[in-house]
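First comes the structure, then the notes that go with it.
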Amino acid sequence: MRISFLVVLLAGAVFYTYIAYTDLSFVTRTGRLGPGFFPRIVGSGIIVMTLWTILEEMRKQRPPESNSQQWRDVALLISLALGYAVLLRLFGGFVATVIFLGVTLSLLNRGRTLNNVLVAILLPIGIYALLDKALNASMPPALFDFIPI
Amino acid sequence: MDIFADLMMGLSIAITPINIVYLLFGALVGMIVGVIPGFGPAAGLAILLPVTFGMDPVGAIMMLAAIYYGAMYGGTITSILLNTPGESATVASTFDGFPLAKKGRAGPALVMQAAASFVGGTVGVVLITILAPMFSQVSRSFGPPEYFLLAMMGMLTLIVMIGTNWKLGVISALIGFALGTVGVDLETGQGRYTFGSAELIGGIYFIPIAIGLFGLGELFYAFHTGLHKTGTGGIVQYDKEERFWPTTHDWVSTRWTMVRCSILGFVVGVIPGAGATIASLMAYSTERSFSKTPEKFGTGEMAGLVAPETANNAASSGAMIPLLTLGIPGSAATAVLLAAFLLWGLRPGPLFMSQNPELAWGLIASMYLGNMALLAISIFAIPVFVQLIKIPYRILGPIVLVICALGTFSVHASFIETYIMFAAGIAGFFMRLYNFSPAALVLALVLGPLAEEALRQTLTISRGSFMIFVERTPSLWIIGVTLALVVVLPLMKRLGGGAQEAEKSGS
């Protein structure tokens with residue numbers, strides 16, 4: 001997994017550096033350092049360092065990584081977080097938060113339905129009151145607005 | 001006397017009913033964030049920044065500063081009662097804090113850590129009061145070459161401190177620099193990596209990245225380590241103890257520890273990149289070498305708790321010096337604080353104290369009040385924090401995630417920034433898992449644009465010659481100090497690391 005992460009990083013670095021060399025000039029027409037000067041140094045640096053680390057990783061014999069249970073829980077939370085990001089756009093801050101907390105707590109905190117329902121409803125109300133009413137800051141608006149908050 | 005007059009002016013600004021409320025609220029919330037395992041000052045500041053919207057700049061900055069040092073106070077409570085440090089700067093506090101609690105002295109340990117934090121924080125603020133104007137004076141002679149070198153010094157020292165994983169630290173910093181290049185190039189007006197998106201023209205904003213890396217990333221990592229499955233059975237029940245207050249011997253035996261470690265912590269804190277973690281480990285190690293009974297360290301010695309606690313709070317104060325006088329953050333937390341300053345239209349640097357005396361001295365004065373408030377809060381509100389520790393992480397986790405998401409959106413009402421925060425959270429989890437350095441990335445993201453601008457200006461002034469860096473006296477000084485730090489810091493780290501190793505082998 002560590003190598004996979006480094007390879008993804010390398011791919012990103014190659015793309016970044018490619019743009020730095022093709023789209024951004026090193027010096028301007030007036031002879032001053034251009035917008036590509038810094039990105040070229042930085043991009044080349046990431047490629048060199050990542051390649052170095054990948055080669056070192058390949059030489060090492062690593063024991064198998066942590067058990068699947070750990071990954072299952074974190075994958076579940078990341079999936080729920082991504083689902084929440086989509087819900088925020090569709091249903092706005094308040095409704096999306098109620099749904100997210102309801103689903104997440106029912107999965108992570110099983111058997112405590114009353115507690116979970118209370119947190120899922122009271123917390124969004126509290127945050128709405130704080131952000132929207134007290135601080136006059138924005139809550140994400142809904143594309144499909146079926147509750148007027 | 002100028003300093004005294006300025007401080008009095010600062011106090012007159014800080015002591016207003018509303019500012020005191022902001023200060024107390026910030027200190028309390030900071031402590032709450034510090035209590036949550038994995039969440040330190042940087043995460044606390046990033047997540048809670050939106051709460052300051054709608055306030056006047058003085059109140060907002062005072063509250064953010066209170067969150068910053070409040071989180072440092074709070075991080076120790078779990079170290080003592082649960083043997084789980086709230087964040088890396090309180091790791092050293094578990095060495096003797098938890099054994100003290102197991103011996104039935106949790107109450108005195110909690111009070112002494114609050115007192116030690118107070119002494120460290122207050123000595124730190126006194127030193128800020130004296131030294132910040134001097135640093136400002138010196139830094140007025142700095143030009144673009146010096147600023148570039150200072151930015152590099154901050155990055156280099158941070159990477160040197162990372163140690164064996166330094167290559168991953170360099171990659172993290174370079175990613176931060178790369179993210180910092182997104183947006184319109186200010187010199188030529190050409191767009192870089194914007195891909196036609198209007199939202200990226202102004203660059204990748206710092207706050208979503210910081211909230212993602214420190215808030216969401218830490219949360220995912222905590223779930224990966226199984227923190228959400230651990231119960232709260234390991235908490236030491238301090239309220240069943242007969243004696244809550246420390247003995248006279250506790251106070252007397254640690255008085256010089258507090259003095260030594262305050263100064264040591266402050267000095268380490270001023271060095272960009274070194275920070276509170278190194279300060280606390282070094283203080284522990286130094287104090288053990290000073291002790292007549294070093295064999296008692298690790299078995300519940302009060303000086304072993306007081307030393308790291310005093311040092312990490314003094315280091316937090318020390319880290320404010322480069323921030324206020326140079327505009328260069330030395331740690332991830334002060335980088336978030338710098339972002340907050342910029343959000344309020346304030347640019348810390350050599351002229352900050354002379355151009356914004358009310359704000360600068362108001363902030364410094366508020367730190368005196370904040371430390372006093374935190375001393376009271378951390379002693380009398382301990383039962384509240386113990387209740388907070390009892391909330392299972394499986395409930396706390398989703399709540400933190402919601403606060404991160406809605407907090408990010410509220411900054412600029414931008415869905416793109418919210419999605420960037422989620423992406424940074426996932427990246428932050430893998431970075432944490434594979435020993436990359438989110439702190440180096442965040443610091444580089446803040447320092448990158450500054451370093452690029454300074455380097456380009458420098459090379460324009462010198463007509464492309466790098467010799468300018470050795471032709472100017474201030475530059476030469478900075479190079480000298482940087483080289484000295486690169487040599488000295490690994491030794492300091494080894495000293496601190498020695499404490500950790502000895503503790504591990506001892507236990």
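Within each chain, counting starts at residue 1; across the structure tokens, chains are named A, B, ... in the order shown, with ligands numbered 1 upward in that order.
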Report as CSV: every residue of chain A with an atom at most 7 Å from chain B, its closest pair of atoms, and their distance in Å to one decimal, counting only C-alpha atoms, with rows sorted by chain and ascending residue number.
residue,atom,partner,partner_atom,distance
A:Arg2,CA,B:Tyr434,CA,6.4
A:Arg32,CA,B:Thr460,CA,6.5
A:Leu33,CA,B:Arg456,CA,6.3
A:Pro35,CA,B:Asp185,CA,6.1
A:Phe38,CA,B:Glu452,CA,6.6
A:Pro39,CA,B:Ala178,CA,6.5
A:Val42,CA,B:Leu174,CA,6.0
A:Ile46,CA,B:Ile171,CA,5.8
A:Met49,CA,B:Ile171,CA,6.4
A:Thr50,CA,B:Ile171,CA,7.0
A:Gln70,CA,B:His224,CA,5.0
A:Trp71,CA,B:His224,CA,6.4
A:Asp73,CA,B:Phe223,CA,6.7
A:Val74,CA,B:His224,CA,5.5
A:Ala85,CA,B:Tyr419,CA,7.0
A:Thr97,CA,B:Val402,CA,6.9
A:Leu101,CA,B:Pro398,CA,6.6
A:Leu105,CA,B:Ile395,CA,6.7
A:Leu108,CA,B:Arg394,CA,6.0
A:Asn109,CA,B:Arg394,CA,6.5
A:Leu135,CA,B:Gly54,CA,5.8
A:Ala137,CA,B:Ser410,CA,5.5
A:Ser138,CA,B:Ser410,CA,4.8
A:Met139,CA,B:Ser410,CA,6.2
A:Pro140,CA,B:Phe409,CA,6.6
Write a file of the selected residues as a PDB file, in the first residue's frame, keeping N, CA and C atoms.
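So result34.pdb came out as:
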ATOM      1  N   ARG A   2       1.975   1.172   0.759  1.00  0.00           N
ATOM      2  CA  ARG A   2       2.854   2.334   0.834  1.00  0.00           C
ATOM      3  C   ARG A   2       3.406   2.662  -0.551  1.00  0.00           C
ATOM      4  N   ARG A  32      13.117  38.495 -16.762  1.00  0.00           N
ATOM      5  CA  ARG A  32      12.969  38.188 -15.336  1.00  0.00           C
ATOM      6  C   ARG A  32      12.494  36.748 -15.179  1.00  0.00           C
ATOM      7  N   LEU A  33      12.634  36.226 -13.954  1.00  0.00           N
ATOM      8  CA  LEU A  33      12.206  34.840 -13.724  1.00  0.00           C
ATOM      9  C   LEU A  33      10.699  34.724 -13.921  1.00  0.00           C
ATOM     10  N   PRO A  35       6.814  32.468 -14.454  1.00  0.00           N
ATOM     11  CA  PRO A  35       5.936  31.673 -13.582  1.00  0.00           C
ATOM     12  C   PRO A  35       6.323  30.198 -13.512  1.00  0.00           C
ATOM     13  N   PHE A  38       9.731  28.432 -10.362  1.00  0.00           N
ATOM     14  CA  PHE A  38       9.573  27.716  -9.088  1.00  0.00           C
ATOM     15  C   PHE A  38       8.927  26.337  -9.283  1.00  0.00           C
ATOM     16  N   PRO A  39       7.807  26.250 -10.062  1.00  0.00           N
ATOM     17  CA  PRO A  39       7.186  24.928 -10.250  1.00  0.00           C
ATOM     18  C   PRO A  39       8.137  23.895 -10.863  1.00  0.00           C
ATOM     19  N   VAL A  42      10.358  22.710  -8.028  1.00  0.00           N
ATOM     20  CA  VAL A  42       9.577  21.943  -7.051  1.00  0.00           C
ATOM     21  C   VAL A  42       9.160  20.590  -7.645  1.00  0.00           C
ATOM     22  N   ILE A  46      10.142  16.819  -6.406  1.00  0.00           N
ATOM     23  CA  ILE A  46       9.215  15.769  -5.931  1.00  0.00           C
ATOM     24  C   ILE A  46       9.491  14.464  -6.687  1.00  0.00           C
ATOM     25  N   MET A  49      12.804  12.838  -5.420  1.00  0.00           N
ATOM     26  CA  MET A  49      12.680  12.308  -4.055  1.00  0.00           C
ATOM     27  C   MET A  49      11.724  11.111  -3.995  1.00  0.00           C
ATOM     28  N   THR A  50      10.621  11.191  -4.765  1.00  0.00           N
ATOM     29  CA  THR A  50       9.658  10.078  -4.735  1.00  0.00           C
ATOM     30  C   THR A  50      10.275   8.827  -5.373  1.00  0.00           C
ATOM     31  N   GLN A  70      -9.093  -3.160  10.714  1.00  0.00           N
ATOM     32  CA  GLN A  70      -8.724  -1.746  10.824  1.00  0.00           C
ATOM     33  C   GLN A  70      -9.092  -1.016   9.535  1.00  0.00           C
ATOM     34  N   TRP A  71      -8.759  -1.641   8.408  1.00  0.00           N
ATOM     35  CA  TRP A  71      -9.022  -1.012   7.119  1.00  0.00           C
ATOM     36  C   TRP A  71     -10.514  -0.917   6.859  1.00  0.00           C
ATOM     37  N   ASP A  73     -12.983  -0.470   8.980  1.00  0.00           N
ATOM     38  CA  ASP A  73     -13.602   0.646   9.701  1.00  0.00           C
ATOM     39  C   ASP A  73     -13.245   1.998   9.095  1.00  0.00           C
ATOM     40  N   VAL A  74     -11.961   2.145   8.748  1.00  0.00           N
ATOM     41  CA  VAL A  74     -11.558   3.449   8.201  1.00  0.00           C
ATOM     42  C   VAL A  74     -12.138   3.629   6.799  1.00  0.00           C
ATOM     43  N   ALA A  85     -20.284  14.431   1.698  1.00  0.00           N
ATOM     44  CA  ALA A  85     -19.908  15.529   0.797  1.00  0.00           C
ATOM     45  C   ALA A  85     -20.946  15.674  -0.315  1.00  0.00           C
ATOM     46  N   THR A  97     -26.525  16.733   7.333  1.00  0.00           N
ATOM     47  CA  THR A  97     -25.878  16.391   8.605  1.00  0.00           C
ATOM     48  C   THR A  97     -26.750  15.435   9.413  1.00  0.00           C
ATOM     49  N   LEU A 101     -25.214  11.835  10.265  1.00  0.00           N
ATOM     50  CA  LEU A 101     -25.027  11.416  11.663  1.00  0.00           C
ATOM     51  C   LEU A 101     -25.912  10.215  11.996  1.00  0.00           C
ATOM     52  N   LEU A 105     -23.840   6.965  13.003  1.00  0.00           N
ATOM     53  CA  LEU A 105     -23.944   6.515  14.396  1.00  0.00           C
ATOM     54  C   LEU A 105     -24.672   5.172  14.487  1.00  0.00           C
ATOM     55  N   LEU A 108     -21.833   2.778  13.666  1.00  0.00           N
ATOM     56  CA  LEU A 108     -20.681   2.717  14.572  1.00  0.00           C
ATOM     57  C   LEU A 108     -21.080   2.515  16.034  1.00  0.00           C
ATOM     58  N   ASN A 109     -22.246   2.984  16.384  1.00  0.00           N
ATOM     59  CA  ASN A 109     -22.666   2.966  17.789  1.00  0.00           C
ATOM     60  C   ASN A 109     -23.972   2.174  17.915  1.00  0.00           C
ATOM     61  N   LEU A 135     -23.437  33.537  14.294  1.00  0.00           N
ATOM     62  CA  LEU A 135     -22.229  34.074  13.646  1.00  0.00           C
ATOM     63  C   LEU A 135     -22.499  34.645  12.256  1.00  0.00           C
ATOM     64  N   ALA A 137     -22.670  33.163   9.564  1.00  0.00           N
ATOM     65  CA  ALA A 137     -21.850  32.479   8.553  1.00  0.00           C
ATOM     66  C   ALA A 137     -22.758  31.556   7.742  1.00  0.00           C
ATOM     67  N   SER A 138     -22.221  31.055   6.635  1.00  0.00           N
ATOM     68  CA  SER A 138     -23.084  30.282   5.742  1.00  0.00           C
ATOM     69  C   SER A 138     -23.102  28.807   6.095  1.00  0.00           C
ATOM     70  N   MET A 139     -24.308  28.203   5.988  1.00  0.00           N
ATOM     71  CA  MET A 139     -24.430  26.743   5.972  1.00  0.00           C
ATOM     72  C   MET A 139     -24.581  26.373   4.495  1.00  0.00           C
ATOM     73  N   PRO A 140     -24.117  25.191   4.070  1.00  0.00           N
ATOM     74  CA  PRO A 140     -24.269  24.825   2.661  1.00  0.00           C
ATOM     75  C   PRO A 140     -25.737  24.847   2.228  1.00  0.00           C
TER      76      PRO A 140
END
Residues near Met152 of chain B, cut-off 12 Å, only C-alpha atoms, skip fewer than 4 positions along chain, as a CSV table (one decimal) with N, CA and C atoms, in the first residue's frame:
chain,number,residue,atom,x,y,z
B,145,PRO,N,16.2,38.8,0.2
B,145,PRO,CA,17.1,37.6,0.4
B,145,PRO,C,16.9,37.0,1.8
B,146,GLU,N,16.8,37.9,2.8
B,146,GLU,CA,16.7,37.4,4.2
B,146,GLU,C,15.4,36.6,4.4
B,147,TYR,N,14.3,37.1,3.7
B,147,TYR,CA,13.0,36.5,3.9
B,147,TYR,C,13.0,35.1,3.3
B,148,PHE,N,13.7,35.0,2.1
B,148,PHE,CA,13.8,33.7,1.5
B,148,PHE,C,14.6,32.7,2.4
B,156,LEU,N,13.9,23.8,6.6
B,156,LEU,CA,15.1,23.0,6.9
B,156,LEU,C,15.1,22.4,8.3
B,157,THR,N,14.9,23.3,9.2
B,157,THR,CA,14.9,22.8,10.6
B,157,THR,C,13.8,21.8,10.9
B,158,LEU,N,12.6,22.1,10.3
B,158,LEU,CA,11.5,21.1,10.5
B,158,LEU,C,11.9,19.7,9.9
B,159,ILE,N,12.5,19.7,8.7
B,159,ILE,CA,12.9,18.5,8.1
B,159,ILE,C,14.0,17.8,8.9
B,160,VAL,N,15.0,18.6,9.4
B,160,VAL,CA,16.0,18.0,10.2
B,160,VAL,C,15.5,17.3,11.4
B,170,VAL,N,10.8,15.9,3.2
B,170,VAL,CA,11.1,16.8,2.1
B,170,VAL,C,10.0,16.7,1.0
B,173,ALA,N,7.0,18.6,2.2
B,173,ALA,CA,7.3,20.1,2.0
B,173,ALA,C,7.2,20.5,0.6
B,174,LEU,N,7.7,19.7,-0.3
B,174,LEU,CA,7.6,20.0,-1.8
B,174,LEU,C,6.2,20.0,-2.3
B,177,PHE,N,4.8,23.2,-1.3
B,177,PHE,CA,5.3,24.3,-2.2
B,177,PHE,C,4.5,24.2,-3.5
B,272,PRO,N,12.5,28.1,14.6
B,272,PRO,CA,11.4,27.6,13.6
B,272,PRO,C,11.6,26.1,13.4
B,273,GLY,N,10.5,25.3,13.5
B,273,GLY,CA,10.6,23.9,13.2
B,273,GLY,C,10.8,23.0,14.4
B,328,ILE,N,6.9,34.7,9.9
B,328,ILE,CA,7.3,33.4,9.5
B,328,ILE,C,6.8,32.4,10.6
B,329,PRO,N,5.9,31.6,10.3
B,329,PRO,CA,5.5,30.6,11.3
B,329,PRO,C,6.5,29.5,11.5
B,330,GLY,N,6.7,29.1,12.7
B,330,GLY,CA,7.7,28.1,13.0
B,330,GLY,C,7.1,26.7,13.2
B,440,ALA,N,4.9,19.6,7.8
B,440,ALA,CA,5.8,20.2,6.8
B,440,ALA,C,5.0,20.7,5.5
B,443,LEU,N,3.2,23.9,6.5
B,443,LEU,CA,4.1,25.0,6.7
B,443,LEU,C,4.6,25.5,5.3
B,444,ALA,N,4.9,24.5,4.4
B,444,ALA,CA,5.4,24.9,3.1
B,444,ALA,C,4.3,25.6,2.2
B,447,LEU,N,4.5,29.1,3.6
B,447,LEU,CA,5.8,29.7,3.3
B,447,LEU,C,6.1,29.7,1.8
B,448,GLY,N,5.5,28.8,1.0
B,448,GLY,CA,5.9,28.7,-0.4
B,448,GLY,C,5.7,29.9,-1.2
B,450,LEU,N,5.5,32.9,-0.2
B,450,LEU,CA,6.4,34.0,0.3
B,450,LEU,C,7.8,33.7,-0.2
B,451,ALA,N,8.2,32.4,-0.1
B,451,ALA,CA,9.6,32.1,-0.5
B,451,ALA,C,9.8,32.3,-2.0
B,452,GLU,N,8.8,32.0,-2.8
B,452,GLU,CA,8.9,32.1,-4.3
B,452,GLU,C,9.0,33.6,-4.6
B,454,ALA,N,10.0,36.1,-2.7
B,454,ALA,CA,11.2,36.6,-2.2
B,454,ALA,C,12.4,36.2,-3.0
B,455,LEU,N,12.4,34.9,-3.5
B,455,LEU,CA,13.5,34.4,-4.3
B,455,LEU,C,13.5,35.2,-5.7
B,475,SER,N,22.0,38.3,5.7
B,475,SER,CA,21.8,37.0,5.1
B,475,SER,C,22.9,36.1,5.6
B,478,ILE,N,21.9,34.8,8.9
B,478,ILE,CA,20.8,33.7,8.9
B,478,ILE,C,21.4,32.4,8.4
B,479,ILE,N,22.3,32.5,7.4
B,479,ILE,CA,22.9,31.2,6.9
B,479,ILE,C,23.7,30.6,8.1
B,481,VAL,N,23.2,30.9,11.3
B,481,VAL,CA,22.3,30.4,12.3
B,481,VAL,C,21.7,29.1,11.8
B,482,THR,N,21.3,29.1,10.5
B,482,THR,CA,20.7,27.9,9.9
B,482,THR,C,21.6,26.7,10.0
B,483,LEU,N,22.9,26.9,9.6
B,483,LEU,CA,23.9,25.8,9.6
B,483,LEU,C,24.1,25.3,11.1
B,486,VAL,N,21.2,23.2,12.0
B,486,VAL,CA,21.2,21.9,11.3
B,486,VAL,C,22.1,21.0,12.1
Those in segment 23-132 of chain A with helix (DSSP H, G or I) from DSSP, as a PyMOL selection string: chain A and resi 37-59+68-108+113-132
Interatomic distance, atom CA of Leu28 of chain B to atom CA of Tyr69 of chain B (Å, one decimal): 10.3 Å
Write out as a CSV table (one decimal) with C-alpha atoms, in the first residue's frame which residues come within 7 Å of segment 252-263 of chain B when counting only C-alpha atoms, dropping same-chain ones fewer than 5 positions away.
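Saved result, result_20.csv, follows:
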chain,number,residue,atom,x,y,z
B,116,ALA,CA,3.5,24.1,35.4
B,119,VAL,CA,4.4,29.1,34.8
B,120,GLY,CA,5.8,28.0,31.4
B,123,VAL,CA,7.4,33.1,31.6
B,124,GLY,CA,7.0,32.7,27.9
B,283,ALA,CA,13.2,19.3,29.3
B,287,GLU,CA,15.6,17.5,34.3
B,303,ALA,CA,9.5,16.8,38.4
B,306,VAL,CA,6.4,19.4,35.6
B,307,ALA,CA,9.4,19.6,33.3
B,310,THR,CA,6.4,23.8,31.7
B,311,ALA,CA,8.6,23.5,28.5
B,314,ALA,CA,6.8,28.0,27.2
Two-atom distance - atom CA of Tyr284 of chain B, atom CA of Thr247 of chain B (Å):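 Separating atom CA of Tyr284 of chain B from atom CA of Thr247 of chain B is a distance of 21.4 Å.
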